[in-house]
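Engineer: See start-v4.txt below, with compact mmCIF, N, CA and C atoms.
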```
# COMPACT_ATOMS: atom_id res chain seq x y z
N MET A 1210 -28.23 1.64 -21.75
CA MET A 1210 -27.05 0.82 -21.86
C MET A 1210 -27.27 -0.19 -22.98
N LYS A 1211 -26.32 -0.30 -23.86
CA LYS A 1211 -26.43 -1.25 -24.97
C LYS A 1211 -25.76 -2.57 -24.60
N SER A 1212 -26.28 -3.63 -25.15
CA SER A 1212 -25.68 -4.95 -24.95
C SER A 1212 -24.46 -5.07 -25.85
N SER A 1213 -23.51 -5.88 -25.41
CA SER A 1213 -22.32 -6.12 -26.24
C SER A 1213 -22.64 -7.07 -27.38
N GLY A 1214 -23.82 -7.66 -27.37
CA GLY A 1214 -24.21 -8.59 -28.42
C GLY A 1214 -23.47 -9.91 -28.36
N GLY A 1215 -22.89 -10.23 -27.20
CA GLY A 1215 -22.18 -11.49 -27.07
C GLY A 1215 -20.82 -11.51 -27.74
N ARG A 1216 -20.28 -10.36 -28.09
CA ARG A 1216 -19.02 -10.30 -28.82
C ARG A 1216 -17.81 -10.06 -27.92
N VAL A 1217 -17.98 -10.09 -26.62
CA VAL A 1217 -16.85 -9.88 -25.71
C VAL A 1217 -16.19 -11.23 -25.46
N ARG A 1218 -14.90 -11.28 -25.74
CA ARG A 1218 -14.14 -12.53 -25.60
C ARG A 1218 -14.11 -12.97 -24.14
N SER A 1219 -14.18 -14.25 -23.91
CA SER A 1219 -14.11 -14.82 -22.57
C SER A 1219 -12.84 -14.35 -21.88
N GLY A 1220 -12.95 -13.95 -20.62
CA GLY A 1220 -11.80 -13.48 -19.87
C GLY A 1220 -11.61 -11.98 -19.90
N LEU A 1221 -12.46 -11.27 -20.65
CA LEU A 1221 -12.38 -9.81 -20.73
C LEU A 1221 -13.54 -9.19 -19.96
N VAL A 1222 -13.35 -7.95 -19.52
CA VAL A 1222 -14.40 -7.21 -18.84
C VAL A 1222 -14.76 -6.02 -19.71
N LEU A 1223 -16.03 -5.82 -19.94
CA LEU A 1223 -16.53 -4.69 -20.72
C LEU A 1223 -17.19 -3.71 -19.77
N VAL A 1224 -16.73 -2.47 -19.76
CA VAL A 1224 -17.36 -1.43 -18.95
C VAL A 1224 -18.06 -0.48 -19.91
N PRO A 1225 -19.38 -0.44 -19.88
CA PRO A 1225 -20.12 0.38 -20.83
C PRO A 1225 -19.93 1.87 -20.60
N PHE A 1226 -20.06 2.64 -21.66
CA PHE A 1226 -19.99 4.10 -21.59
C PHE A 1226 -21.09 4.60 -20.67
N GLY A 1227 -20.79 5.57 -19.86
CA GLY A 1227 -21.79 6.15 -18.99
C GLY A 1227 -21.78 5.62 -17.58
N TRP A 1228 -20.80 4.79 -17.23
CA TRP A 1228 -20.70 4.28 -15.87
C TRP A 1228 -20.10 5.39 -15.02
N VAL A 1229 -20.92 6.08 -14.26
CA VAL A 1229 -20.47 7.27 -13.53
C VAL A 1229 -20.20 6.97 -12.07
N GLY A 1230 -19.33 7.76 -11.46
CA GLY A 1230 -18.95 7.57 -10.07
C GLY A 1230 -20.11 7.63 -9.10
N ALA A 1231 -21.13 8.40 -9.41
CA ALA A 1231 -22.29 8.53 -8.51
C ALA A 1231 -22.99 7.20 -8.31
N ARG A 1232 -22.76 6.25 -9.20
CA ARG A 1232 -23.39 4.93 -9.08
C ARG A 1232 -22.55 3.93 -8.30
N THR A 1233 -21.40 4.37 -7.80
CA THR A 1233 -20.52 3.45 -7.09
C THR A 1233 -20.42 3.81 -5.62
N LYS A 1234 -20.01 2.84 -4.82
CA LYS A 1234 -19.91 3.04 -3.37
C LYS A 1234 -18.87 4.10 -3.00
N ASP A 1235 -17.74 4.13 -3.71
CA ASP A 1235 -16.67 5.07 -3.36
C ASP A 1235 -16.53 6.23 -4.34
N MET A 1236 -17.54 6.44 -5.18
CA MET A 1236 -17.59 7.57 -6.12
C MET A 1236 -16.45 7.57 -7.14
N LYS A 1237 -15.96 6.39 -7.52
CA LYS A 1237 -14.89 6.29 -8.51
C LYS A 1237 -15.42 5.63 -9.78
N THR A 1238 -14.78 5.96 -10.89
CA THR A 1238 -15.12 5.34 -12.16
C THR A 1238 -14.03 4.35 -12.55
N VAL A 1239 -14.23 3.70 -13.68
CA VAL A 1239 -13.25 2.74 -14.18
C VAL A 1239 -11.90 3.42 -14.44
N ASN A 1240 -11.89 4.72 -14.65
CA ASN A 1240 -10.64 5.43 -14.89
C ASN A 1240 -9.70 5.39 -13.69
N ALA A 1241 -10.21 5.09 -12.50
CA ALA A 1241 -9.37 4.97 -11.31
C ALA A 1241 -8.44 3.77 -11.40
N LEU A 1242 -8.70 2.86 -12.32
CA LEU A 1242 -7.87 1.66 -12.48
C LEU A 1242 -6.60 1.90 -13.28
N THR A 1243 -6.55 3.00 -14.01
CA THR A 1243 -5.43 3.24 -14.91
C THR A 1243 -4.66 4.50 -14.53
N ASN A 1244 -3.49 4.63 -15.08
CA ASN A 1244 -2.62 5.77 -14.87
C ASN A 1244 -3.14 6.96 -15.68
N ASP A 1245 -3.06 8.17 -15.14
CA ASP A 1245 -3.54 9.34 -15.88
C ASP A 1245 -2.43 10.16 -16.51
N GLN A 1246 -1.23 9.58 -16.62
CA GLN A 1246 -0.12 10.30 -17.23
C GLN A 1246 -0.34 10.46 -18.73
N ALA A 1247 0.15 11.59 -19.26
CA ALA A 1247 0.13 11.80 -20.70
C ALA A 1247 1.25 10.98 -21.33
N THR A 1248 1.08 10.65 -22.61
CA THR A 1248 2.11 9.88 -23.31
C THR A 1248 3.33 10.74 -23.56
N ASP A 1249 4.46 10.10 -23.77
CA ASP A 1249 5.68 10.83 -24.10
C ASP A 1249 5.72 11.20 -25.58
N PHE A 1250 4.76 10.74 -26.34
CA PHE A 1250 4.69 11.05 -27.77
C PHE A 1250 3.42 11.85 -28.03
N GLY A 1251 3.53 13.16 -28.03
CA GLY A 1251 2.39 14.02 -28.33
C GLY A 1251 1.58 14.46 -27.13
N GLY A 1252 1.85 13.91 -25.95
CA GLY A 1252 1.14 14.34 -24.75
C GLY A 1252 -0.32 13.96 -24.70
N GLY A 1253 -0.71 12.97 -25.48
CA GLY A 1253 -2.11 12.55 -25.51
C GLY A 1253 -2.43 11.52 -24.44
N VAL A 1254 -3.64 11.01 -24.51
CA VAL A 1254 -4.11 10.01 -23.56
C VAL A 1254 -3.43 8.67 -23.84
N ALA A 1255 -3.01 8.01 -22.79
CA ALA A 1255 -2.41 6.68 -22.92
C ALA A 1255 -3.44 5.63 -22.51
N PHE A 1256 -3.61 4.62 -23.32
CA PHE A 1256 -4.52 3.54 -23.00
C PHE A 1256 -3.70 2.31 -22.63
N TYR A 1257 -4.10 1.65 -21.58
CA TYR A 1257 -3.37 0.50 -21.07
C TYR A 1257 -4.32 -0.66 -20.84
N ASP A 1258 -3.76 -1.85 -20.84
CA ASP A 1258 -4.49 -3.02 -20.36
C ASP A 1258 -4.40 -2.99 -18.84
N THR A 1259 -5.45 -3.38 -18.18
CA THR A 1259 -5.47 -3.40 -16.72
C THR A 1259 -6.05 -4.72 -16.26
N MET A 1260 -5.31 -5.44 -15.43
CA MET A 1260 -5.81 -6.70 -14.90
C MET A 1260 -6.80 -6.42 -13.77
N VAL A 1261 -7.94 -7.08 -13.83
CA VAL A 1261 -8.95 -6.95 -12.78
C VAL A 1261 -9.39 -8.32 -12.33
N GLN A 1262 -9.91 -8.38 -11.13
CA GLN A 1262 -10.50 -9.62 -10.62
C GLN A 1262 -11.96 -9.32 -10.33
N VAL A 1263 -12.84 -10.12 -10.89
CA VAL A 1263 -14.28 -9.92 -10.73
C VAL A 1263 -14.81 -10.98 -9.79
N GLU A 1264 -15.52 -10.52 -8.77
CA GLU A 1264 -16.11 -11.43 -7.80
C GLU A 1264 -17.59 -11.13 -7.65
N LYS A 1265 -18.38 -12.17 -7.52
CA LYS A 1265 -19.80 -12.01 -7.28
C LYS A 1265 -20.01 -11.51 -5.86
N ILE A 1266 -20.86 -10.49 -5.71
CA ILE A 1266 -21.14 -9.97 -4.36
C ILE A 1266 -22.59 -10.18 -3.98
```
Show me this structure written as structure tokens.

Structural biologist:
Amino acid sequence: MKSSGGRVRSGLVLVPFGWVGARTKDMKTVNALTNDQATDFGGGVAFYDTMVQVEKI
């Protein structure tokens, strides 16, 4: 896992590449937070902003 180098703006969450479901309690990845619909323009992947709340456990 690479460090972000301190370049992530305050208030944002960075999820590094390679975060797999096998490492989570419910076997889900960050992709579970977003819609999986194709775009209406070209049928490609749609990227969205997603609000999250981070709590220390």

Engineer: Please report the interatomic distance between atom N of Asp1245 (chain A) and atom N of Met1260 (chain A) in Å with one decimal.

Structural biologist: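 Computing the Euclidean distance for atom N of Asp1245 (chain A) and atom N of Met1260 (chain A) yields 13.8 Å.
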
Engineer: Near region 1222-1227 of chain A, within 8 Å and counting all atoms listed in the file, which residues show up once chain neighbours fewer than 2 positions away are dropped, as an mmCIF file with N, CA and C atoms, in the coordinates of the input?

Structural biologist:
```cif
data_model
loop_
_atom_site.group_PDB
_atom_site.id
_atom_site.type_symbol
_atom_site.label_atom_id
_atom_site.label_comp_id
_atom_site.auth_asym_id
_atom_site.auth_seq_id
_atom_site.Cartn_x
_atom_site.Cartn_y
_atom_site.Cartn_z
ATOM 1 N N MET A 1210 -28.230 1.640 -21.750
ATOM 2 C CA MET A 1210 -27.050 0.820 -21.860
ATOM 3 C C MET A 1210 -27.270 -0.190 -22.980
ATOM 4 N N LYS A 1211 -26.320 -0.300 -23.860
ATOM 5 C CA LYS A 1211 -26.430 -1.250 -24.970
ATOM 6 C C LYS A 1211 -25.760 -2.570 -24.600
ATOM 7 N N VAL A 1217 -17.980 -10.090 -26.620
ATOM 8 C CA VAL A 1217 -16.850 -9.880 -25.710
ATOM 9 C C VAL A 1217 -16.190 -11.230 -25.460
ATOM 10 N N ARG A 1218 -14.900 -11.280 -25.740
ATOM 11 C CA ARG A 1218 -14.140 -12.530 -25.600
ATOM 12 C C ARG A 1218 -14.110 -12.970 -24.140
ATOM 13 N N SER A 1219 -14.180 -14.250 -23.910
ATOM 14 C CA SER A 1219 -14.110 -14.820 -22.570
ATOM 15 C C SER A 1219 -12.840 -14.350 -21.880
ATOM 16 N N GLY A 1220 -12.950 -13.950 -20.620
ATOM 17 C CA GLY A 1220 -11.800 -13.480 -19.870
ATOM 18 C C GLY A 1220 -11.610 -11.980 -19.900
ATOM 19 N N VAL A 1229 -20.920 6.080 -14.260
ATOM 20 C CA VAL A 1229 -20.470 7.270 -13.530
ATOM 21 C C VAL A 1229 -20.200 6.970 -12.070
ATOM 22 N N GLY A 1230 -19.330 7.760 -11.460
ATOM 23 C CA GLY A 1230 -18.950 7.570 -10.070
ATOM 24 C C GLY A 1230 -20.110 7.630 -9.100
ATOM 25 N N VAL A 1239 -14.230 3.700 -13.680
ATOM 26 C CA VAL A 1239 -13.250 2.740 -14.180
ATOM 27 C C VAL A 1239 -11.900 3.420 -14.440
ATOM 28 N N VAL A 1261 -7.940 -7.080 -13.830
ATOM 29 C CA VAL A 1261 -8.950 -6.950 -12.780
ATOM 30 C C VAL A 1261 -9.390 -8.320 -12.330
#
```

Engineer: Counting only C-alpha atoms, find residues at most 12 Å from (-8.1, 4.5, -14.0) (file frame) and give them as a list of chain:residue names.

Structural biologist: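 Checked against the point, the hits come out as A:Gly1230, A:Lys1237, A:Thr1238, A:Val1239, A:Asn1240, A:Ala1241, A:Leu1242, A:Thr1243, A:Asn1244, A:Asp1245, A:Gln1246, A:Val1254, A:Ala1255, A:Phe1256, A:Tyr1257, A:Asp1258, A:Thr1259, A:Met1260, A:Val1261.
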
Engineer: Write out as a ChimeraX atom specification the set of residues from chain A that DSSP, computed on the backbone, places in helix (DSSP H, G or I).

Structural biologist: /A:1230-1232,1239-1242

Engineer: Between atom C of Leu1221 (chain A) and CA of Asp1235 (chain A), what is the spacing in Å?

Structural biologist: 22.1 Å

Engineer: Atom N of Val1263 (chain A) to atom C of Arg1232 (chain A): how many Å, to one decimal?

Structural biologist: 17.3 Å
